[in-house]
>>> print(open('model.txt').read())   # compact mmCIF, C-alpha atoms and all ligand atoms
# COMPACT_ATOMS: atom_id res chain seq x y z
CA MET A 1 -35.14 -88.66 16.71
CA ARG A 2 -33.61 -87.02 19.74
CA PRO A 3 -31.70 -83.81 19.02
CA ILE A 4 -27.92 -83.66 18.87
CA ASP A 5 -26.61 -83.51 22.44
CA GLY A 6 -24.10 -80.72 21.94
CA ILE A 7 -20.43 -81.25 21.21
CA HIS A 8 -19.10 -84.78 21.80
CA HIS A 9 -15.39 -84.05 21.33
CA ILE A 10 -13.03 -81.81 19.40
CA THR A 11 -9.87 -83.26 17.87
CA LEU A 12 -6.74 -81.27 17.07
CA ILE A 13 -3.23 -81.90 15.83
CA THR A 14 -0.09 -81.51 17.91
CA GLY A 15 3.53 -81.78 16.86
CA ASP A 16 4.73 -82.16 20.43
CA ALA A 17 2.94 -84.62 22.72
CA PRO A 18 5.05 -83.96 25.86
CA ALA A 19 4.37 -80.21 25.73
CA ASN A 20 0.74 -80.94 24.89
CA VAL A 21 0.28 -83.13 27.98
CA ASP A 22 2.03 -80.54 30.12
CA PHE A 23 -0.27 -77.76 28.87
CA TYR A 24 -3.64 -79.54 28.88
CA VAL A 25 -3.12 -81.54 32.09
CA ARG A 26 -0.80 -79.43 34.25
CA VAL A 27 -1.69 -75.91 33.09
CA LEU A 28 -5.38 -76.29 32.14
CA GLY A 29 -6.09 -78.94 34.79
CA LEU A 30 -7.84 -81.42 32.50
CA ARG A 31 -7.53 -85.16 33.02
CA LEU A 32 -5.75 -87.33 30.45
CA VAL A 33 -8.49 -89.95 30.25
CA LYS A 34 -7.10 -92.06 27.44
CA LYS A 35 -3.66 -92.50 25.98
CA THR A 36 -4.12 -94.52 22.83
CA VAL A 37 -3.24 -94.47 19.12
CA ASN A 38 -4.89 -92.93 16.09
CA GLN A 39 -6.96 -95.83 14.76
CA ASP A 40 -6.42 -94.62 11.19
CA ASP A 41 -2.64 -94.37 11.71
CA PRO A 42 -1.69 -96.44 14.77
CA THR A 43 1.94 -95.27 14.79
CA VAL A 44 0.86 -91.95 16.35
CA TYR A 45 -0.84 -91.03 19.58
CA HIS A 46 -4.42 -90.16 20.14
CA LEU A 47 -4.56 -88.32 23.48
CA TYR A 48 -7.92 -87.55 25.10
CA TYR A 49 -8.24 -84.84 27.75
CA SER A 50 -11.53 -84.41 29.51
CA ASP A 51 -13.34 -84.12 32.80
CA GLU A 52 -13.01 -86.72 35.55
CA HIS A 53 -15.11 -89.30 33.68
CA GLY A 54 -14.14 -88.65 30.08
CA SER A 55 -17.60 -87.27 29.40
CA PRO A 56 -18.82 -86.19 25.99
CA GLY A 57 -18.97 -82.41 26.12
CA ALA A 58 -15.58 -81.90 27.74
CA ASP A 59 -13.39 -84.07 25.59
CA ILE A 60 -10.55 -82.38 23.68
CA THR A 61 -8.30 -84.81 21.85
CA PHE A 62 -5.06 -84.68 19.88
CA PHE A 63 -3.37 -86.69 17.18
CA GLU A 64 0.37 -86.34 17.56
CA TYR A 65 2.46 -85.99 14.43
CA PRO A 66 5.90 -85.45 15.97
CA GLY A 67 7.48 -82.28 14.63
CA ALA A 68 4.42 -81.33 12.54
CA ARG A 69 4.58 -77.78 11.24
CA ARG A 70 2.19 -75.32 12.75
CA GLY A 71 -0.99 -74.67 10.85
CA ALA A 72 -3.26 -71.64 10.86
CA ALA A 73 -7.03 -71.54 11.04
CA GLY A 74 -8.86 -70.24 7.98
CA ALA A 75 -11.92 -70.88 5.84
CA GLY A 76 -13.25 -74.40 6.34
CA MET A 77 -11.78 -74.74 9.81
CA ILE A 78 -12.65 -74.26 13.47
CA ALA A 79 -10.76 -71.17 14.66
CA SER A 80 -11.32 -71.22 18.41
CA ILE A 81 -12.84 -73.24 21.23
CA THR A 82 -14.86 -71.74 24.07
CA HIS A 83 -14.92 -73.49 27.47
CA ARG A 84 -17.26 -72.69 30.32
CA VAL A 85 -16.03 -71.56 33.72
CA ALA A 86 -18.12 -70.84 36.80
CA SER A 87 -17.55 -67.20 37.61
CA GLU A 88 -15.70 -63.96 37.13
CA ASP A 89 -13.39 -65.17 39.94
CA ALA A 90 -12.48 -68.11 37.74
CA ILE A 91 -11.64 -65.72 34.90
CA GLU A 92 -9.46 -63.83 37.36
CA PHE A 93 -7.72 -67.07 38.41
CA TRP A 94 -7.01 -68.06 34.81
CA GLU A 95 -5.78 -64.63 33.82
CA GLN A 96 -3.19 -64.81 36.59
CA ARG A 97 -2.33 -68.47 36.09
CA LEU A 98 -1.81 -68.16 32.34
CA ARG A 99 0.22 -64.97 32.72
CA ASP A 100 2.41 -66.73 35.28
CA GLU A 101 3.00 -69.39 32.63
CA GLY A 102 4.16 -66.70 30.21
CA ILE A 103 1.02 -67.03 28.06
CA ALA A 104 -0.47 -63.89 26.52
CA VAL A 105 -4.11 -63.39 27.51
CA THR A 106 -6.82 -60.93 26.53
CA ARG A 107 -9.50 -60.21 29.09
CA GLU A 108 -12.90 -58.70 28.44
CA ALA A 109 -15.95 -58.76 30.69
CA GLY A 110 -16.69 -62.41 31.40
CA ARG A 111 -14.18 -63.66 28.84
CA LEU A 112 -10.55 -64.58 28.57
CA THR A 113 -8.79 -65.55 25.34
CA PHE A 114 -5.40 -67.18 24.93
CA ALA A 115 -3.59 -69.66 22.71
CA ASP A 116 -2.06 -73.03 23.51
CA PRO A 117 1.72 -73.50 22.92
CA GLU A 118 1.10 -74.32 19.25
CA GLY A 119 -1.22 -71.40 18.57
CA MET A 120 -4.69 -72.93 19.00
CA SER A 121 -7.04 -70.23 20.21
CA HIS A 122 -9.14 -70.87 23.32
CA GLU A 123 -11.65 -68.77 25.14
CA LEU A 124 -13.00 -69.11 28.69
CA GLY A 125 -16.37 -67.59 29.45
CA VAL A 126 -19.07 -67.38 32.09
CA PHE A 127 -22.46 -68.45 30.74
CA GLU A 128 -25.90 -68.97 32.23
CA ARG A 129 -26.43 -72.65 31.47
CA SER A 130 -28.26 -75.39 33.33
CA ASP A 131 -25.92 -78.10 32.00
CA ASP A 132 -23.92 -80.05 34.56
CA PRO A 133 -20.37 -78.74 34.94
CA LEU A 134 -17.94 -81.33 33.58
CA ILE A 135 -14.81 -80.89 35.64
CA ALA A 136 -11.59 -82.78 36.30
CA ARG A 137 -9.82 -83.01 39.62
CA SER A 138 -6.30 -81.60 39.54
CA THR A 139 -3.58 -80.77 42.03
CA GLU A 140 -3.00 -77.59 40.01
CA VAL A 141 -6.47 -76.09 39.58
CA PRO A 142 -8.97 -75.67 42.45
CA GLU A 143 -12.36 -77.17 41.67
CA GLN A 144 -14.21 -73.84 41.72
CA PHE A 145 -12.01 -72.52 38.91
CA ALA A 146 -11.90 -75.68 36.77
CA LEU A 147 -12.95 -75.73 33.13
CA GLN A 148 -16.53 -77.05 32.95
CA GLY A 149 -16.79 -78.36 29.41
CA PHE A 150 -17.39 -76.87 25.99
CA GLU A 151 -19.67 -73.96 25.31
CA GLY A 152 -18.96 -73.87 21.61
CA VAL A 153 -16.62 -73.12 18.75
CA ARG A 154 -16.02 -70.34 16.26
CA ALA A 155 -15.80 -71.52 12.67
CA MET A 156 -14.62 -69.79 9.51
CA GLY A 157 -16.11 -70.13 6.06
CA ALA A 158 -15.86 -68.40 2.70
CA ASP A 159 -19.63 -68.72 2.35
CA PRO A 160 -21.25 -69.85 5.61
CA ALA A 161 -24.77 -69.94 4.09
CA GLY A 162 -24.41 -73.57 3.01
CA SER A 163 -22.85 -74.53 6.34
CA GLU A 164 -25.71 -72.90 8.21
CA ARG A 165 -28.37 -74.49 6.00
CA LEU A 166 -27.01 -77.95 6.83
CA LEU A 167 -27.15 -77.18 10.56
CA ARG A 168 -30.74 -75.97 10.32
CA GLU A 169 -32.23 -78.40 7.83
CA ALA A 170 -30.37 -81.66 8.43
CA LEU A 171 -28.87 -81.49 11.89
CA GLY A 172 -31.63 -79.72 13.81
CA PHE A 173 -29.63 -76.78 15.17
CA SER A 174 -31.38 -73.51 16.02
CA GLU A 175 -29.99 -70.06 15.41
CA VAL A 176 -29.55 -68.42 18.82
CA SER A 177 -28.00 -65.20 17.53
CA ALA A 178 -26.71 -64.02 14.16
CA HIS A 179 -24.72 -66.88 12.62
CA GLU A 180 -24.52 -68.64 15.98
CA TRP A 181 -26.18 -72.07 16.10
CA GLU A 182 -26.97 -74.35 18.98
CA ALA A 183 -27.64 -78.07 19.23
CA ARG A 184 -29.36 -78.69 22.54
CA GLY A 185 -30.12 -82.23 23.63
CA GLU A 186 -31.21 -84.06 26.75
CA HIS A 187 -27.91 -83.47 28.54
CA ARG A 188 -26.12 -80.54 26.97
CA GLY A 189 -26.08 -77.73 24.51
CA GLY A 190 -23.19 -76.93 22.20
CA ARG A 191 -22.75 -74.04 19.80
CA ILE A 192 -21.00 -73.13 16.58
CA ARG A 193 -20.69 -69.59 15.29
CA PHE A 194 -19.73 -68.94 11.69
CA GLU A 195 -17.59 -66.04 10.55
CA ARG A 196 -16.99 -65.15 6.94
CA SER A 197 -13.35 -65.46 5.95
CA GLU A 198 -11.64 -65.83 2.59
CA ARG A 199 -8.36 -66.67 4.23
CA ARG A 200 -7.25 -70.17 3.39
CA GLY A 201 -6.61 -72.36 6.37
CA VAL A 202 -3.41 -74.34 6.72
CA PRO A 203 -3.86 -77.66 8.53
CA GLY A 204 -1.09 -78.50 10.96
CA ALA A 205 -0.09 -78.42 14.61
CA GLY A 206 -2.31 -76.18 16.70
CA THR A 207 -5.37 -76.54 14.46
CA VAL A 208 -8.62 -78.48 14.73
CA HIS A 209 -8.84 -81.70 12.72
CA HIS A 210 -12.55 -82.27 13.29
CA ILE A 211 -15.46 -81.60 15.62
CA ALA A 212 -17.78 -84.37 16.76
CA TRP A 213 -21.45 -83.86 17.65
CA ALA A 214 -23.14 -86.20 20.12
CA VAL A 215 -25.94 -88.51 18.95
CA TYR A 216 -27.44 -91.73 20.35
CA ARG A 217 -26.52 -95.20 19.14
CA ALA A 218 -30.09 -96.17 18.34
CA GLU A 219 -30.34 -93.22 15.95
CA MET A 220 -26.91 -93.17 14.36
CA VAL A 221 -28.10 -94.80 11.14
CA GLN A 222 -31.00 -92.35 10.84
CA TRP A 223 -28.64 -89.40 11.33
CA ARG A 224 -26.37 -90.79 8.66
CA GLU A 225 -29.32 -91.05 6.26
CA ARG A 226 -30.24 -87.44 6.96
CA VAL A 227 -26.71 -86.38 6.13
CA ILE A 228 -26.92 -88.29 2.84
CA ALA A 229 -30.30 -86.71 2.05
CA ALA A 230 -28.65 -83.31 2.56
CA GLY A 231 -26.18 -84.15 -0.18
CA ARG A 232 -23.18 -84.94 1.99
CA HIS A 233 -21.06 -88.08 1.76
CA PRO A 234 -20.67 -89.72 5.16
CA THR A 235 -18.45 -92.68 5.96
CA PRO A 236 -20.09 -95.89 7.14
CA VAL A 237 -20.62 -96.19 10.90
CA ILE A 238 -17.15 -96.91 12.29
CA ASP A 239 -16.66 -98.70 15.62
CA ARG A 240 -14.03 -96.69 17.53
CA PHE A 241 -14.35 -99.08 20.50
CA TYR A 242 -14.93 -96.21 22.99
CA PHE A 243 -17.81 -94.88 20.84
CA GLU A 244 -19.13 -95.19 17.27
CA SER A 245 -18.49 -92.58 14.59
CA VAL A 246 -19.59 -91.28 11.21
CA TYR A 247 -17.53 -88.60 9.43
CA PHE A 248 -18.40 -86.19 6.63
CA ARG A 249 -17.36 -82.80 5.31
CA GLU A 250 -19.89 -80.04 5.78
CA PRO A 251 -20.42 -77.63 2.84
CA GLY A 252 -17.75 -75.19 4.01
CA GLY A 253 -15.14 -77.91 4.28
CA ILE A 254 -15.06 -78.53 8.03
CA LEU A 255 -14.78 -82.20 8.95
CA TYR A 256 -17.74 -83.18 11.14
CA GLU A 257 -18.16 -86.38 13.05
CA LEU A 258 -21.27 -87.78 14.66
CA ALA A 259 -20.18 -89.75 17.72
CA THR A 260 -22.31 -91.78 20.11
CA TYR A 261 -23.06 -90.23 23.49
CA ASP A 262 -23.94 -93.65 24.84
CA GLY A 263 -20.90 -95.51 23.55
CA ALA A 264 -18.79 -97.82 25.71
CA GLY A 265 -16.83 -94.94 27.24
CA PHE A 266 -13.21 -94.74 28.34
CA ALA A 267 -13.52 -96.97 31.40
CA VAL A 268 -14.35 -99.97 29.19
CA ASP A 269 -10.75 -101.20 29.04
CA GLU A 270 -9.13 -99.62 32.13
CA PRO A 271 -10.16 -98.95 35.74
CA ALA A 272 -11.86 -95.54 35.93
CA GLU A 273 -9.45 -94.42 38.65
CA THR A 274 -6.29 -94.99 36.61
CA MET A 275 -7.46 -94.65 33.02
CA GLY A 276 -5.12 -92.61 30.83
CA GLU A 277 -2.01 -93.49 32.80
CA THR A 278 -0.73 -96.20 30.49
CA LEU A 279 -1.06 -96.90 26.77
CA ALA A 280 -4.50 -98.36 26.03
CA LEU A 281 -5.05 -100.18 22.77
CA PRO A 282 -8.47 -101.36 21.60
CA PRO A 283 -8.53 -105.16 21.10
CA ALA A 284 -8.12 -104.82 17.34
CA PHE A 285 -4.80 -103.02 17.93
CA GLU A 286 -3.40 -105.06 20.83
CA SER A 287 -1.36 -107.21 18.46
CA ILE A 288 0.76 -104.21 17.42
CA ARG A 289 1.56 -103.05 20.97
CA ALA A 290 5.15 -104.32 20.90
CA ARG A 291 5.74 -102.48 17.63
CA VAL A 292 4.10 -99.11 18.45
CA GLU A 293 4.94 -98.68 22.13
CA PRO A 294 8.68 -98.08 21.53
CA ILE A 295 8.11 -95.51 18.76
CA LEU A 296 5.59 -93.32 20.58
CA THR A 297 7.04 -90.17 22.15
CA PRO A 298 7.44 -90.49 25.95
CA VAL A 299 5.06 -88.07 27.70
CA PRO A 300 5.06 -86.74 31.27
CA ASP A 301 3.66 -89.01 33.97
CA VAL A 302 0.27 -87.44 34.65
CA ARG A 303 -0.12 -89.14 38.05
CA ARG A 304 1.79 -86.26 39.66
CA TRP A 305 -1.18 -83.98 38.88
CA ARG A 306 -3.84 -86.37 40.19
CA PRO A 307 -5.08 -85.57 43.69
CA ALA A 308 -5.51 -88.41 46.15
CA PRO A 309 -9.08 -89.77 46.08
CA ALA A 310 -11.46 -87.81 48.31
CA PRO A 311 -12.10 -89.58 51.68
CA ALA A 312 -15.65 -90.53 50.65
CA GLU A 313 -14.33 -92.40 47.62
CA ARG A 314 -11.85 -94.53 49.55
ZN ZN B 401 -13.27 -87.75 16.52
>>> encode(input="model.txt", output="structure tokens", more="lines below")
Ligand code: ZN
Amino acid sequence: MRPIDGIHHITLITGDAPANVDFYVRVLGLRLVKKTVNQDDPTVYHLYYSDEHGSPGADITFFEYPGARRGAAGAGMIASITHRVASEDAIEFWEQRLRDEGIAVTREAGRLTFADPEGMSHELGVFERSDDPLIARSTEVPEQFALQGFEGVRAMGADPAGSERLLREALGFSEVSAHEWEARGEHRGGRIRFERSERRGVPGAGTVHHIAWAVYRAEMVQWRERVIAAGRHPTPVIDRFYFESVYFREPGGILYELATYDGAGFAVDEPAETMGETLALPPAFESIRARVEPILTPVPDVRRWRPAPAPAER
């Protein structure tokens, strides 16, 4: 079996889709690669922000529950997300840009931390990695400063020992420093670092709903069997149309997903150049379009932040 190929995507909750689009697309310079609905509750959005191609490894997604109360990270939750940037100059750019937006930032050598408008903690860092940078084109963020995909996450647990045992014994992660674990596959590496915390988490807006790890289609069933052998209780393999998924709770309570790296991808139902600009519904949900489209919150038109195609692409 090939190792887990780092982080596939990370899914959060927002109570305010328009502000969420404004922050992740305009401020952070990511591309909205898919505007669709939550397949488990198709009356609410599922918004996917990513690099230019919607690649696994750069994909941060949100379920919108309009008006949802803010949550707070605690035991059994992901507390922050670290994204890669290219250089100390990029850190400098982001420090200034976020301050200009009125966002509080903390800068240390090679690192910048801040929170999104609903309190989700993010960190930007410069890392020596051979992985391809996964970047989006944006009118707002020059390419050399763009976010380059996930480095990892910080997780909280009352007793991380069980969480770490699952990573080592069932999921093939290696410990790269104390309580920090890496899954490194053919394309990418992704990390999770556990911190002990007794504080109870409160799910809600501005918190992580689940983290998905990238696996290959041909091995999904074997991964699921490994998870069962480790005493967890995964769902069946679910076809999410853009990729396939299996979900389970890890011992500390964090919801994990295994998602296929080599799924259909986001350009399967829209042209790659315009994907994300209009509401996309997988075929199984097309019949409810007339019912859901009017009740979804209008969000900003992201085309204003899309640069014209480069001359070579015309
Ligand atoms: Zn997911």
>>> atom_distance(input="model.txt", atom1="atom CA of A:Glu64", atom2="atom CA of A:Glu95")
27.8 Å
>>> residues_near_ligand(input="model.txt", ligand="ligand ZN 401 (chain B)", cutoff="7 Å", atoms="only C-alpha atoms and all ligand atoms", output="list of chain:residue names")
A:His9, A:Ile10, A:Thr11, A:His210, A:Ile211, A:Ala212, A:Glu257
>>> closest_residue(input="model.txt", among="A:Arg191, A:Arg306, A:His209, A:Arg137", to="A:Ile13", atoms="all atoms listed in the file")
A:His209
>>> atom_distance(input="model.txt", atom1="atom CA of A:Thr278", atom2="atom CA of A:Val208")
25.0 Å
>>> residues_around(input="model.txt", residues="stretch 109-121 of chain A", least_positions_apart="4", cutoff="8 Å", atoms="all atoms listed in the file", output="PyMOL selection string")
chain A and resi 14+19-20+23+70+72+79-81+87-88+91+94-95+103-105+125-126+205-207
>>> atom_distance(input="model.txt", atom1="atom CA of A:Pro300", atom2="atom CA of A:Ala17")
9.1 Å
>>> closest_residue(input="model.txt", among="A:Asp131, A:Glu195, A:Glu169, A:Glu273", to="A:Gly231", atoms="only C-alpha atoms")
A:Glu169
>>> residues_around(input="model.txt", residues="A:Val176", least_positions_apart="4", cutoff="12 Å", atoms="all atoms listed in the file", output="list of chain:residue names")
A:Arg168, A:Glu180, A:Trp181, A:Glu182, A:Ala183, A:Arg184, A:Gly189, A:Gly190, A:Arg191, A:Ile192, A:Arg193
>>> write_last_selection(input="model.txt", atoms="C-alpha atoms", output="PDB file, in the frame of the given file")
ATOM      1  CA  ARG A 168     -30.740 -75.970  10.320  1.00  0.00           C
ATOM      2  CA  GLU A 180     -24.520 -68.640  15.980  1.00  0.00           C
ATOM      3  CA  TRP A 181     -26.180 -72.070  16.100  1.00  0.00           C
ATOM      4  CA  GLU A 182     -26.970 -74.350  18.980  1.00  0.00           C
ATOM      5  CA  ALA A 183     -27.640 -78.070  19.230  1.00  0.00           C
ATOM      6  CA  ARG A 184     -29.360 -78.690  22.540  1.00  0.00           C
ATOM      7  CA  GLY A 189     -26.080 -77.730  24.510  1.00  0.00           C
ATOM      8  CA  GLY A 190     -23.190 -76.930  22.200  1.00  0.00           C
ATOM      9  CA  ARG A 191     -22.750 -74.040  19.800  1.00  0.00           C
ATOM     10  CA  ILE A 192     -21.000 -73.130  16.580  1.00  0.00           C
ATOM     11  CA  ARG A 193     -20.690 -69.590  15.290  1.00  0.00           C
TER      12      ARG A 193
END
